[in-house]
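**Q** Sending over coords-v8.txt (compact mmCIF, C-alpha atoms).
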```
# COMPACT_ATOMS: atom_id res chain seq x y z
CA MET A 1 225.93 67.01 -33.85
CA SER A 2 223.22 67.23 -36.48
CA GLN A 3 223.90 67.28 -40.22
CA VAL A 4 222.12 69.81 -42.39
CA LEU A 5 221.48 68.84 -46.01
CA THR A 6 221.16 71.57 -48.57
CA LYS A 7 220.09 71.35 -52.24
CA SER A 8 221.29 73.64 -54.94
CA PRO A 9 218.79 75.58 -57.09
CA LYS A 10 219.92 73.51 -60.07
CA HIS A 11 218.97 70.27 -58.31
CA CYS A 12 215.51 71.63 -57.39
CA ALA A 13 214.86 72.71 -60.95
CA LYS A 14 215.78 69.24 -62.23
CA GLN A 15 213.41 67.59 -59.75
CA GLY A 16 210.58 69.96 -60.80
CA LEU A 17 211.11 69.02 -64.43
CA ASN A 18 210.84 65.32 -63.58
CA ILE A 19 207.52 65.87 -61.79
CA ASN A 20 206.06 67.85 -64.71
CA TYR A 21 207.23 65.24 -67.21
CA LYS A 22 205.53 62.42 -65.26
CA HIS A 23 202.35 64.50 -64.99
CA TYR A 24 202.18 65.18 -68.74
CA LYS A 25 203.00 61.55 -69.48
CA LYS A 26 200.01 60.39 -67.40
CA LEU A 27 197.74 62.90 -69.14
CA PHE A 28 198.95 61.71 -72.54
CA TYR A 29 198.30 58.06 -71.70
CA ALA A 30 194.85 58.91 -70.32
CA PHE A 31 193.89 60.94 -73.39
CA SER A 32 195.23 58.27 -75.77
CA THR A 33 193.29 55.53 -73.97
CA PHE A 34 190.07 57.58 -74.08
CA PHE A 35 190.53 58.47 -77.76
CA LEU A 36 191.20 54.85 -78.76
CA SER A 37 188.18 53.69 -76.75
CA VAL A 38 185.92 56.15 -78.58
CA LEU A 39 187.30 55.08 -81.97
CA SER A 40 186.85 51.42 -81.09
CA PHE A 41 183.25 52.05 -80.00
CA ILE A 42 182.42 53.92 -83.22
CA PHE A 43 184.05 51.21 -85.33
CA LEU A 44 182.15 48.49 -83.43
CA VAL A 45 178.84 50.30 -83.92
CA TRP A 46 179.60 50.74 -87.62
CA LEU A 47 180.40 47.01 -87.99
CA ILE A 48 177.18 46.02 -86.23
CA LEU A 49 174.89 48.46 -88.03
CA HIS A 50 176.77 49.08 -91.32
CA PRO A 51 174.03 51.07 -93.06
CA SER A 52 173.06 49.96 -96.55
CA LYS A 53 172.38 52.51 -99.28
CA PRO A 54 168.71 53.22 -100.02
CA ASP A 55 166.89 51.54 -102.90
CA PHE A 56 165.07 53.57 -105.57
CA SER A 57 162.77 52.38 -108.33
CA LEU A 58 160.70 54.15 -110.98
CA GLN A 59 157.08 53.11 -110.52
CA GLU A 60 155.15 55.18 -113.04
CA THR A 61 155.54 57.87 -115.68
CA ASP A 62 152.81 60.20 -116.89
CA ILE A 63 152.95 62.29 -120.03
CA ASN A 64 150.51 65.07 -119.30
CA GLN A 65 151.40 66.97 -122.45
CA LEU A 66 153.64 66.38 -125.44
CA ASN A 67 153.09 68.50 -128.54
CA PHE A 68 155.03 70.58 -131.02
CA ASN A 69 156.01 74.12 -130.22
CA LEU A 70 154.21 76.47 -132.64
CA SER A 71 157.46 78.37 -133.24
CA GLY A 72 159.15 75.37 -134.84
CA SER A 73 158.26 71.80 -135.78
CA HIS A 74 161.46 70.39 -134.27
CA LEU A 75 160.77 71.72 -130.77
CA LEU A 76 158.46 70.16 -128.18
CA ASN A 77 156.39 71.39 -125.28
CA SER A 78 156.21 68.73 -122.58
CA SER A 79 154.83 68.03 -119.14
CA PHE A 80 155.84 64.85 -117.29
CA GLN A 81 155.17 63.35 -113.88
CA PHE A 82 157.48 60.67 -112.49
CA THR A 83 156.66 58.50 -109.46
CA PHE A 84 159.59 57.00 -107.55
CA LEU A 85 159.58 54.50 -104.69
CA SER A 86 162.32 54.99 -102.07
CA ILE A 87 163.09 52.17 -99.58
CA ASN A 88 165.31 52.29 -96.50
CA PRO A 89 166.56 48.67 -96.11
CA ASN A 90 168.17 49.29 -92.70
CA LYS A 91 166.58 47.89 -89.54
CA LYS A 92 168.30 50.24 -87.09
CA VAL A 93 169.35 53.24 -89.18
CA GLY A 94 167.17 56.15 -90.33
CA ILE A 95 167.97 58.43 -93.26
CA TYR A 96 167.59 62.19 -93.71
CA TYR A 97 167.33 63.38 -97.34
CA ASP A 98 168.31 66.95 -98.23
CA GLU A 99 168.75 69.08 -101.39
CA LEU A 100 166.88 66.63 -103.63
CA LYS A 101 166.79 67.37 -107.36
CA VAL A 102 165.41 65.41 -110.33
CA TYR A 103 166.85 65.77 -113.85
CA ALA A 104 165.67 64.36 -117.19
CA SER A 105 167.55 64.10 -120.49
CA HIS A 106 167.31 62.16 -123.75
CA LYS A 107 168.61 58.62 -123.23
CA ASP A 108 170.39 58.38 -126.59
CA GLY A 109 171.29 62.04 -126.95
CA PRO A 110 173.72 64.36 -125.16
CA GLN A 111 173.40 63.89 -121.39
CA ILE A 112 172.44 67.52 -120.87
CA PRO A 113 169.52 68.02 -118.43
CA LEU A 114 166.50 69.18 -120.41
CA LEU A 115 164.12 69.26 -117.45
CA GLN A 116 164.74 69.59 -113.73
CA THR A 117 162.85 70.15 -110.49
CA SER A 118 163.42 70.06 -106.73
CA LEU A 119 161.86 67.82 -104.08
CA PRO A 120 161.33 68.67 -100.39
CA SER A 121 163.62 67.26 -97.71
CA PHE A 122 162.27 64.38 -95.62
CA TYR A 123 163.18 61.75 -93.02
CA GLN A 124 162.89 58.03 -93.72
CA GLY A 125 162.54 55.67 -90.76
CA HIS A 126 163.78 52.10 -90.34
CA GLU A 127 162.70 49.87 -93.28
CA GLU A 128 160.28 52.61 -94.37
CA ARG A 129 158.94 53.13 -97.90
CA ASN A 130 158.22 56.56 -99.36
CA VAL A 131 156.60 57.56 -102.65
CA LEU A 132 158.18 60.59 -104.34
CA THR A 133 156.44 62.47 -107.15
CA ALA A 134 158.34 64.82 -109.45
CA SER A 135 156.62 67.05 -112.02
CA LEU A 136 158.80 68.39 -114.84
CA VAL A 137 157.62 70.92 -117.40
CA GLY A 138 159.57 72.21 -120.37
CA THR A 139 158.97 74.33 -123.47
CA GLY A 140 160.94 74.51 -126.69
CA LEU A 141 162.80 71.26 -126.04
CA PRO A 142 164.85 69.64 -128.83
CA ARG A 143 162.99 66.70 -130.31
CA ALA A 144 164.61 63.27 -130.26
CA THR A 145 163.93 60.72 -132.98
CA VAL A 146 160.92 58.71 -131.82
CA THR A 147 158.65 56.07 -133.31
CA GLY A 148 155.80 55.92 -130.85
CA LYS A 149 158.25 55.74 -127.92
CA LEU A 150 160.14 58.25 -125.81
CA VAL A 151 163.13 57.13 -123.72
CA LEU A 152 164.45 59.46 -121.02
CA SER A 153 167.39 59.17 -118.67
CA LEU A 154 166.43 60.27 -115.15
CA ARG A 155 168.76 61.28 -112.36
CA VAL A 156 167.98 62.01 -108.70
CA THR A 157 170.71 63.74 -106.71
CA GLY A 158 170.95 65.03 -103.16
CA LYS A 159 172.61 64.57 -99.80
CA LEU A 160 171.75 62.06 -97.08
CA ARG A 161 172.54 61.71 -93.37
CA TRP A 162 172.46 58.48 -91.37
CA LYS A 163 170.63 58.54 -88.01
CA VAL A 164 171.37 56.00 -85.27
CA GLY A 165 169.49 56.75 -82.05
CA THR A 166 170.20 60.42 -81.34
CA TRP A 167 173.43 60.45 -83.36
CA VAL A 168 173.29 61.93 -86.88
CA SER A 169 176.17 61.61 -89.33
CA GLY A 170 177.54 64.21 -91.69
CA ARG A 171 176.13 64.68 -95.19
CA TYR A 172 176.94 62.20 -97.95
CA ARG A 173 176.18 62.97 -101.60
CA PHE A 174 174.17 60.33 -103.47
CA ASN A 175 173.22 59.83 -107.11
CA VAL A 176 170.32 57.75 -108.49
CA LYS A 177 170.03 56.82 -112.19
CA CYS A 178 166.88 55.49 -113.88
CA VAL A 179 165.54 54.98 -117.40
CA ALA A 180 161.95 55.90 -118.26
CA ILE A 181 160.32 54.35 -121.35
CA MET A 182 157.08 56.00 -122.45
CA GLU A 183 155.00 54.74 -125.34
CA PHE A 184 152.48 56.86 -127.20
CA GLY A 185 150.77 57.14 -130.60
CA SER A 186 150.73 54.24 -133.03
CA ALA A 187 152.63 52.92 -136.02
CA ALA A 188 150.41 54.98 -138.29
CA ALA A 189 150.98 58.15 -136.29
CA PRO A 190 154.34 57.75 -134.52
CA SER A 191 154.92 61.42 -133.90
CA PRO A 192 153.00 63.86 -131.73
CA SER A 193 150.58 66.07 -133.62
CA PRO A 194 151.52 69.74 -133.95
CA SER A 195 148.13 70.80 -132.64
CA VAL A 196 146.84 68.01 -130.38
CA PRO A 197 148.54 67.54 -126.97
CA LEU A 198 149.33 63.90 -126.23
CA SER A 199 148.96 62.21 -122.84
CA SER A 200 149.95 58.75 -121.67
CA THR A 201 150.55 56.74 -118.48
CA SER A 202 153.14 53.95 -118.35
CA GLU A 203 153.69 51.49 -115.51
CA GLN A 204 157.44 51.17 -115.04
CA GLY A 205 158.57 49.11 -112.06
CA THR A 206 162.17 49.80 -113.11
CA GLN A 207 164.94 49.35 -110.55
CA CYS A 208 167.34 52.30 -110.41
CA SER A 209 171.04 52.29 -109.57
CA THR A 210 172.11 54.17 -106.44
CA ALA A 211 175.60 55.39 -105.59
CA VAL A 212 176.59 57.00 -102.26
```
Could you spell out this file's structure in structure tokens?
**A**
Amino acid sequence: MSQVLTKSPKHCAKQGLNINYKHYKKLFYAFSTFFLSVLSFIFLVWLILHPSKPDFSLQETDINQLNFNLSGSHLLNSSFQFTFLSINPNKKVGIYYDELKVYASHKDGPQIPLLQTSLPSFYQGHEERNVLTASLVGTGLPRATVTGKLVLSLRVTGKLRWKVGTWVSGRYRFNVKCVAIMEFGSAAAPSPSPSVPLSSTSEQGTQCSTAV
């Protein structure tokens, strides 16, 4: 005589739940292992490469024009050209530069930008050097107290992206600060003439501070 085994619907439902639970548990472990592996790989690459921030220095300043505004003796018309040297110190990491702007203000006065201009975006390869030239022109600028010397605070801002192989990071904001010292005139004539534009070229070689 044969014995017939029967299972209740409740027992079948419980067995189905156990199968689904084991299936989801395997998927969770697989996903967790993959995710941790990716994070470990990225962290390892970052430790090996660890990109250093770029170096900036002010190489030269040119005063193309500096004379009094005819509308008032305490206002100046000015035209400057600043030459920066940018260096990527990384051996295996390239840098994309975007949204570059250059600002100038009086060093000892209120840090309000008096002059500003934009620079084009560019890519900087491994251990590459690039020369950047910024021309700033302003009219009716407030005159700082000078005795044959003009000191300006310069700031370069923008966003950069690291490039490793084909991988490119997100954008990081950076800020560069420099000081430009420009001498002109003489002790006998320390101030710019109201009628004669003044021009001067100064070698700087000043290291700038960079924050990312």
**Q** Using only C-alpha atoms, which residues sit within 8 Å of region 152-156 of chain A once same-chain residues fewer than 5 positions away are excluded, as a PyMOL selection string?
**A** chain A and resi 100-107+175-181
**Q** Please report the interatomic distance between CA of Phe174 (chain A) and CA of Glu128 (chain A) in Å with one decimal.
**A**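 Result for CA of Phe174 (chain A) versus CA of Glu128 (chain A): 18.3 Å, one decimal.
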**Q** Please work out which residues fall within 9 Å of (157.7, 62.2, -105.1), coordinates as given in the file, with all atoms listed in the file counting, and return them as a list in words.
**A** Phe82, Thr83, Phe84, Leu85, Leu119, Pro120, Asn130, Val131, Leu132, Thr133, Ala134 and Ser135 of chain A
**Q** Counting only C-alpha atoms, figure out which residue out of A:Val93, A:Val137, A:Asp98, A:Thr157 gets nearest to Ser209 (chain A).
**A**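 Among the listed residues, the smallest separation from Ser209 (chain A) belongs to A:Thr157.
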**Q** Between A:Leu115, A:Ile87, A:Val168, A:Ile63, single out the one closest to Lys149 (chain A), counting only C-alpha atoms.
**A**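 Comparing A:Leu115, A:Ile87, A:Val168, A:Ile63 against Lys149 (chain A), the winner is A:Ile63.
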**Q** At what distance in Å, to one decimal, does CA of Trp167 (chain A) lie from CA of Phe56 (chain A)?
**A**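 If I compute the distance from CA of Phe56 (chain A) to CA of Trp167 (chain A), I get 24.7 Å.
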**Q** What separation in Å, quoted to one decimal, exists between CA of Asn67 (chain A) and CA of Thr117 (chain A)?
**A**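 CA of Asn67 (chain A) sits 20.6 Å away from CA of Thr117 (chain A).
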